[in-house]
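Novice: Enclosed is the structure file model_13.txt (compact mmCIF, C-alpha atoms).
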```txt
# COMPACT_ATOMS: atom_id res chain seq x y z
CA MET A 1 0.00 0.00 0.00
CA SER A 2 1.39 3.39 -0.95
CA GLN A 3 2.01 5.82 1.89
CA GLU A 4 0.40 9.22 1.82
CA THR A 5 2.82 12.14 1.84
CA LEU A 6 2.58 15.82 2.73
CA ASP A 7 3.00 18.59 0.20
CA PRO A 8 2.91 21.80 2.29
CA GLN A 9 3.67 24.08 -0.66
CA LYS A 10 0.23 23.23 -2.02
CA TRP A 11 -1.70 23.46 1.25
CA VAL A 12 -2.97 27.02 0.92
CA GLU A 13 -4.06 26.56 -2.67
CA ARG A 14 -5.76 23.25 -1.97
CA TYR A 15 -7.29 23.61 1.46
CA ALA A 16 -7.26 27.18 2.81
CA ASP A 17 -10.72 28.19 1.54
CA MET A 18 -12.24 24.82 2.36
CA MET A 19 -10.86 24.97 5.90
CA TYR A 20 -12.05 28.53 6.35
CA ARG A 21 -15.63 27.72 5.29
CA TYR A 22 -15.66 24.60 7.45
CA THR A 23 -14.63 26.69 10.46
CA LEU A 24 -16.89 29.64 9.70
CA VAL A 25 -20.09 27.58 9.79
CA ARG A 26 -18.98 26.24 13.16
CA VAL A 27 -17.80 29.36 14.97
CA LYS A 28 -19.94 32.09 13.29
CA ASP A 29 -17.32 34.80 13.89
CA PRO A 30 -15.18 35.42 10.74
CA GLU A 31 -12.21 36.70 12.75
CA ALA A 32 -12.22 33.67 15.01
CA ALA A 33 -12.43 31.41 11.94
CA GLU A 34 -9.44 33.18 10.35
CA GLU A 35 -7.43 32.75 13.54
CA LEU A 36 -8.31 29.07 13.80
CA VAL A 37 -7.32 28.29 10.23
CA GLN A 38 -3.99 30.05 10.72
CA SER A 39 -3.27 28.27 13.96
CA ALA A 40 -4.17 24.92 12.37
CA PHE A 41 -1.74 25.50 9.50
CA PHE A 42 0.91 26.64 11.95
CA ALA A 43 0.46 23.55 14.11
CA ALA A 44 0.49 21.33 11.03
CA LEU A 45 3.78 22.83 9.86
CA LYS A 46 5.34 22.25 13.25
CA SER A 47 4.13 18.69 13.56
CA GLN A 48 4.77 17.32 10.07
CA ASN A 49 6.85 14.58 11.64
CA SER A 50 3.80 13.19 13.38
CA PHE A 51 2.12 12.50 10.04
CA ALA A 52 2.20 8.73 9.76
CA GLY A 53 0.88 8.56 6.21
CA LYS A 54 -2.06 6.40 7.20
CA SER A 55 -4.67 9.00 6.39
CA SER A 56 -4.79 11.48 3.56
CA GLU A 57 -3.14 14.86 3.88
CA LYS A 58 -6.57 16.49 3.86
CA THR A 59 -7.93 14.26 6.65
CA TRP A 60 -4.83 14.98 8.72
CA LEU A 61 -5.13 18.75 8.28
CA PHE A 62 -8.84 18.72 9.07
CA GLY A 63 -8.13 16.63 12.15
CA ILE A 64 -5.83 19.38 13.43
CA LEU A 65 -8.43 22.01 12.58
CA LYS A 66 -11.15 20.08 14.44
CA HIS A 67 -8.97 19.97 17.56
CA LYS A 68 -8.30 23.69 17.35
CA THR A 69 -12.02 24.42 16.95
CA MET A 70 -12.92 22.24 19.92
CA ASP A 71 -10.27 24.03 22.02
CA TYR A 72 -11.78 27.32 20.98
CA PHE A 73 -15.22 26.13 22.10
CA ARG A 74 -13.80 24.99 25.42
CA ASN A 75 -11.93 28.21 26.08
CA SER A 76 -14.85 30.46 25.27
CA LYS A 77 -17.63 28.44 26.84
CA LYS A 78 -17.10 30.10 30.20
CA ASN A 79 -18.70 33.17 28.69
CA ILE A 80 -21.74 31.27 27.59
CA SER A 81 -24.54 31.14 30.09
CA ILE A 82 -27.22 28.54 29.81
CA ASP A 83 -30.24 30.66 30.57
CA LEU A 84 -33.31 29.22 28.98
CA THR A 85 -35.73 31.89 30.13
CA SER A 86 -34.23 34.36 27.66
CA GLU A 87 -34.99 32.15 24.70
CA GLU A 88 -38.51 30.89 24.71
CA ASP A 89 -39.82 28.37 22.24
CA GLN A 90 -40.91 30.19 19.10
CA ILE A 91 -43.62 27.68 18.33
CA HIS A 92 -46.84 28.06 20.31
CA PHE A 93 -50.21 26.42 20.62
CA ASP A 94 -53.51 28.22 20.40
CA ALA A 95 -56.50 27.70 22.71
CA SER A 96 -57.77 24.79 20.65
CA GLY A 97 -54.37 23.08 20.83
CA HIS A 98 -53.13 23.82 17.30
CA MET A 99 -49.52 24.54 16.45
CA VAL A 100 -48.79 28.21 15.68
CA PRO A 101 -47.41 28.91 13.18
CA LYS A 102 -48.87 25.93 11.42
CA PRO A 103 -46.12 23.85 9.77
CA GLY A 104 -46.02 24.65 6.05
CA ASN A 105 -45.86 21.96 3.44
CA TRP A 106 -42.21 21.96 2.37
CA ASN A 107 -42.76 19.39 -0.32
CA LEU A 108 -39.19 18.28 0.05
CA ASP A 109 -37.65 14.88 0.20
CA PRO A 110 -35.20 15.06 3.16
CA GLU A 111 -32.46 13.31 1.21
CA LYS A 112 -32.79 15.54 -1.84
CA ALA A 113 -32.97 18.62 0.38
CA ALA A 114 -29.57 17.73 1.80
CA GLU A 115 -28.07 18.07 -1.68
CA ASN A 116 -29.65 21.46 -2.28
CA ASN A 117 -26.94 24.14 -2.03
CA GLU A 118 -29.31 27.07 -2.06
CA LEU A 119 -31.12 25.64 0.92
CA ALA A 120 -27.82 25.04 2.74
CA GLN A 121 -26.88 28.69 2.13
CA VAL A 122 -30.13 29.86 3.72
CA LEU A 123 -29.51 27.53 6.65
CA ALA A 124 -26.03 29.01 7.09
CA GLN A 125 -27.63 32.46 7.42
CA CYS A 126 -30.27 31.15 9.79
CA LEU A 127 -27.59 29.49 11.91
CA SER A 128 -25.68 32.73 12.27
CA ARG A 129 -28.77 34.27 13.89
CA LEU A 130 -28.84 31.73 16.72
CA SER A 131 -27.37 32.76 20.05
CA ASP A 132 -23.82 31.50 20.65
CA LYS A 133 -25.02 28.87 23.09
CA PHE A 134 -27.73 27.45 20.82
CA HIS A 135 -25.47 27.68 17.79
CA ARG A 136 -22.60 25.78 19.36
CA ILE A 137 -24.73 23.03 20.79
CA PHE A 138 -26.64 22.57 17.54
CA VAL A 139 -23.39 22.46 15.54
CA LEU A 140 -21.79 19.84 17.77
CA LYS A 141 -24.90 17.71 17.72
CA GLU A 142 -26.01 17.96 14.10
CA MET A 143 -22.87 18.77 12.12
CA ASP A 144 -20.25 16.94 14.12
CA GLY A 145 -22.48 14.12 15.34
CA MET A 146 -21.33 14.45 18.95
CA SER A 147 -23.41 12.35 21.34
CA SER A 148 -25.83 13.96 23.79
CA GLU A 149 -23.75 12.60 26.63
CA GLU A 150 -20.52 14.18 25.40
CA ILE A 151 -22.22 17.53 24.88
CA CYS A 152 -23.68 17.47 28.40
CA ASN A 153 -20.22 16.79 29.77
CA GLU A 154 -18.58 19.53 27.70
CA PHE A 155 -21.08 22.18 28.73
CA ASN A 156 -21.81 20.78 32.15
CA ILE A 157 -25.57 20.72 31.58
CA LYS A 158 -28.29 18.23 32.41
CA PRO A 159 -29.71 16.07 29.61
CA THR A 160 -33.16 17.62 30.07
CA ASN A 161 -31.64 21.06 29.46
CA LEU A 162 -29.84 19.81 26.38
CA TRP A 163 -33.09 18.46 24.92
CA VAL A 164 -34.85 21.76 25.52
CA ILE A 165 -31.98 23.72 23.94
CA LEU A 166 -31.93 21.49 20.87
CA HIS A 167 -35.71 21.57 20.58
CA ARG A 168 -35.78 25.37 20.63
CA ALA A 169 -32.77 25.74 18.35
CA ARG A 170 -34.34 23.39 15.80
CA ASN A 171 -37.62 25.31 15.98
CA GLN A 172 -35.86 28.64 15.42
CA LEU A 173 -34.02 27.21 12.43
CA LYS A 174 -37.10 25.54 11.03
CA LEU A 175 -39.10 28.79 11.19
CA CYS A 176 -36.20 30.73 9.71
CA LEU A 177 -35.89 28.29 6.78
CA GLU A 178 -39.63 28.43 6.28
CA SER A 179 -39.80 32.21 6.12
CA ASN A 180 -36.61 32.80 4.15
CA TRP A 181 -36.71 30.16 1.54
CA LEU A 182 -39.57 27.77 1.43
CA ASN A 183 -42.40 30.27 1.55
CA THR A 184 -40.91 32.29 -1.26
CA LYS A 185 -40.81 29.36 -3.66
CA MET B 1 -60.11 -1.02 29.83
CA ILE B 2 -60.25 0.58 26.39
CA ASP B 3 -61.00 3.92 28.03
CA GLY B 4 -57.89 3.50 30.16
CA MET B 5 -55.79 2.70 27.10
CA MET B 6 -57.15 5.76 25.31
CA LYS B 7 -56.24 7.94 28.26
CA ILE B 8 -52.67 6.69 28.22
CA PHE B 9 -52.27 7.24 24.52
CA LYS B 10 -54.33 10.34 24.03
CA MET B 11 -51.99 13.28 23.98
CA SER B 12 -52.43 16.71 22.49
CA CYS B 13 -49.99 18.02 19.89
CA LYS B 14 -48.62 20.33 22.56
CA ASP B 15 -47.68 17.37 24.77
CA VAL B 16 -46.31 15.25 21.98
CA TYR B 17 -44.37 17.63 19.85
CA PRO B 18 -41.31 18.13 22.13
CA LEU B 19 -40.90 14.34 21.97
CA ILE B 20 -40.38 14.59 18.21
CA SER B 21 -37.22 16.63 18.72
CA GLU B 22 -36.19 14.69 21.82
CA SER B 23 -36.38 11.37 20.01
CA ARG B 24 -33.38 12.57 17.99
CA ASP B 25 -31.32 13.06 21.16
CA HIS B 26 -32.02 10.05 23.33
CA SER B 27 -34.08 6.93 23.24
CA LEU B 28 -37.49 7.74 24.67
CA PRO B 29 -38.98 5.70 27.52
CA PHE B 30 -41.28 2.96 26.26
CA LEU B 31 -44.54 4.72 27.06
CA SER B 32 -43.48 8.01 25.48
CA ARG B 33 -42.32 6.14 22.42
CA MET B 34 -45.70 4.43 22.08
CA ARG B 35 -47.58 7.68 22.62
CA LEU B 36 -45.53 9.43 19.99
CA LYS B 37 -46.02 6.62 17.52
CA MET B 38 -49.79 6.53 18.04
CA HIS B 39 -50.07 10.29 17.82
CA LEU B 40 -48.04 10.52 14.62
CA ALA B 41 -50.25 7.87 13.05
CA ILE B 42 -53.31 10.08 13.45
CA CYS B 43 -51.93 13.63 13.38
CA GLY B 44 -50.90 14.90 9.95
CA LEU B 45 -49.44 18.18 11.19
CA CYS B 46 -47.13 16.55 13.72
CA GLU B 47 -46.05 14.14 11.03
CA ILE B 48 -45.16 17.09 8.79
CA TYR B 49 -43.30 18.73 11.67
CA GLN B 50 -41.32 15.54 12.24
CA LYS B 51 -40.34 15.41 8.59
CA GLN B 52 -39.30 19.06 8.70
CA LEU B 53 -36.92 18.42 11.58
CA GLU B 54 -35.50 15.45 9.71
CA THR B 55 -34.97 17.65 6.63
CA LEU B 56 -33.42 20.44 8.70
CA CYS B 57 -30.94 18.09 10.35
CA ARG B 58 -29.93 16.56 7.04
CA ILE B 59 -29.27 19.97 5.52
CA ALA B 60 -27.21 20.91 8.58
CA ARG B 61 -25.17 17.71 8.30
CA SER B 62 -24.43 18.40 4.67
CA LEU B 63 -23.58 22.07 5.32
CA GLY B 64 -21.03 20.96 7.92
CA LYS B 65 -19.12 18.68 5.55
CA ASP B 66 -15.68 19.78 4.43
CA GLU B 67 -16.68 19.50 0.77
CA SER B 68 -19.91 21.51 1.20
CA LYS B 69 -20.39 23.90 -1.70
CA ALA B 70 -22.87 26.10 0.15
CA LEU B 71 -20.37 28.82 1.04
CA GLU B 72 -18.45 28.56 -2.23
CA LYS B 73 -18.28 32.31 -2.65
CA THR B 74 -16.71 32.76 0.77
CA SER B 75 -12.93 32.59 0.87
CA LEU B 76 -10.11 33.27 3.26
CA LYS B 77 -8.68 36.80 2.87
CA PRO B 78 -5.79 36.91 0.34
CA GLU B 79 -3.45 38.62 2.84
CA ILE B 80 -3.96 35.77 5.31
CA LYS B 81 -3.31 33.20 2.59
CA GLU B 82 -0.09 35.04 1.68
CA LYS B 83 0.98 35.08 5.32
CA ILE B 84 0.46 31.33 5.68
CA GLN B 85 2.22 30.65 2.37
CA LYS B 86 5.15 32.70 3.64
CA TRP B 87 5.43 30.61 6.82
CA ILE B 88 5.43 27.53 4.67
CA GLU B 89 8.15 28.82 2.32
CA GLU B 90 10.29 29.80 5.32
CA LYS B 91 10.12 26.27 6.62
CA PHE B 92 11.91 25.02 3.50
```
When written as structure tokens, how does the structure in this file appear?
Specialist:
Amino acid sequence: MSQETLDPQKWVERYADMMYRYTLVRVKDPEAAEELVQSAFFAALKSQNSFAGKSSEKTWLFGILKHKTMDYFRNSKKNISIDLTSEEDQIHFDASGHMVPKPGNWNLDPEKAAENNELAQVLAQCLSRLSDKFHRIFVLKEMDGMSSEEICNEFNIKPTNLWVILHRARNQLKLCLESNWLNTK
Amino acid sequence: MIDGMMKIFKMSCKDVYPLISESRDHSLPFLSRMRLKMHLAICGLCEIYQKQLETLCRIARSLGKDESKALEKTSLKPEIKEKIQKWIEEKF
């Protein structure tokens, strides 16, 4: 089996934009994303010797970036309070027990929707409107596939709180998608 | 007996709908799972809501992939790219 090798001269051209976008959807703040990409490249340059050639160059670089992003989350989470009273559920029920607003008919196959770039762009905008706390927890759960248990440990929250946060974050995003894209089609 | 069963399973949308999101985050207790299943079988709107969450989460998963094309027009500032390239050249 051929061993993978590193070609640092080509890193910026090949991966810089991809790494920046990957980080930006996760941390929201463009400056923080720029910093993280730079520090990932810097760490990669310093630790080239640790590249064993078992994974691809891209996987290795993204692995470093993921670590840096997680460190960033850990270091800044102290500033994030988990106060649920400030962010009520945006979906309500009327006196007769009906959901308000009523869910629209999206007419979308979930699998096909996942391949729709335009829809992903709208979601990226909707995501940036979430509070830092909701944003981070949603990202770890839905983009990075982190388990509920791990997230509770990271943020030191109870599972019941996590479920409420995810429920409200999903509702905010759902309503945002509905008003910014689906209703206009 | 049937009345008792109906009471256990009869839940309003308001009671059931948080379970739709929660079922994505942990495995629901048996009774909740049954209630949700029964409710979804008879409530079209909650079924639509469930599908919407499924769609939302799939879009999010795809947006988070390294090869996502959603932010294609967004790139790292040229001056930052130059700075990184310079570090790299200096290492050689």
Novice: What separation in Å, quoted to one decimal, exists between atom CA of A:Leu166 and atom CA of A:Val25?
Specialist: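 Atom-to-atom, atom CA of A:Leu166 and atom CA of A:Val25 are spaced 17.3 Å apart.
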Novice: Pick out the closest residue to chain B from this set: A:Lys54, A:Lys68, A:His167, A:Lys141. Count all atoms listed in the file.
Specialist: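 The shortest atom-to-atom distance to chain B comes from A:His167.
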Novice: Near chain A, meaning an atom within 10 Å, which residues of chain B appear when counting all atoms listed in the file? Write them as a ChimeraX atom specification.
Specialist: /B:12-15,17-26,45-77,80-89,91-92
Novice: Quick check, in Å to one decimal: how far apart do atom CA of A:Ala32 and atom CA of A:Ala44 lie?
Specialist: 18.2 Å
Novice: Any idea what the distance is between atom CA of B:Ile42 and atom CA of A:Ile165?
Specialist: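 Atom CA of B:Ile42 sits 27.4 Å away from atom CA of A:Ile165.
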Novice: Taking all atoms listed in the file into account, which of A:Ala43, A:Ser50, A:Asn153, A:Asp89 comes nearest A:His67?
Specialist: A:Ala43
Novice: Please put the answer as AutoDock Vina command-line options: centre and edge lengths, in Å with one decimal, of a box along x, y and z that encloses all listed atoms of stretch 74-90 of chain B plus 8 Å on each side.
Specialist:
```
--center_x -3.2 --center_y 33.1 --center_z 3.6 --size_x 43.0 --size_y 27.1 --size_z 22.5
```
Novice: Pick from A:Ala40, A:Thr5, A:Ile157, A:Cys126: nearest to A:Met70, with only C-alpha atoms counted?
Specialist: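 For A:Met70, the nearest of the candidates is A:Ala40.
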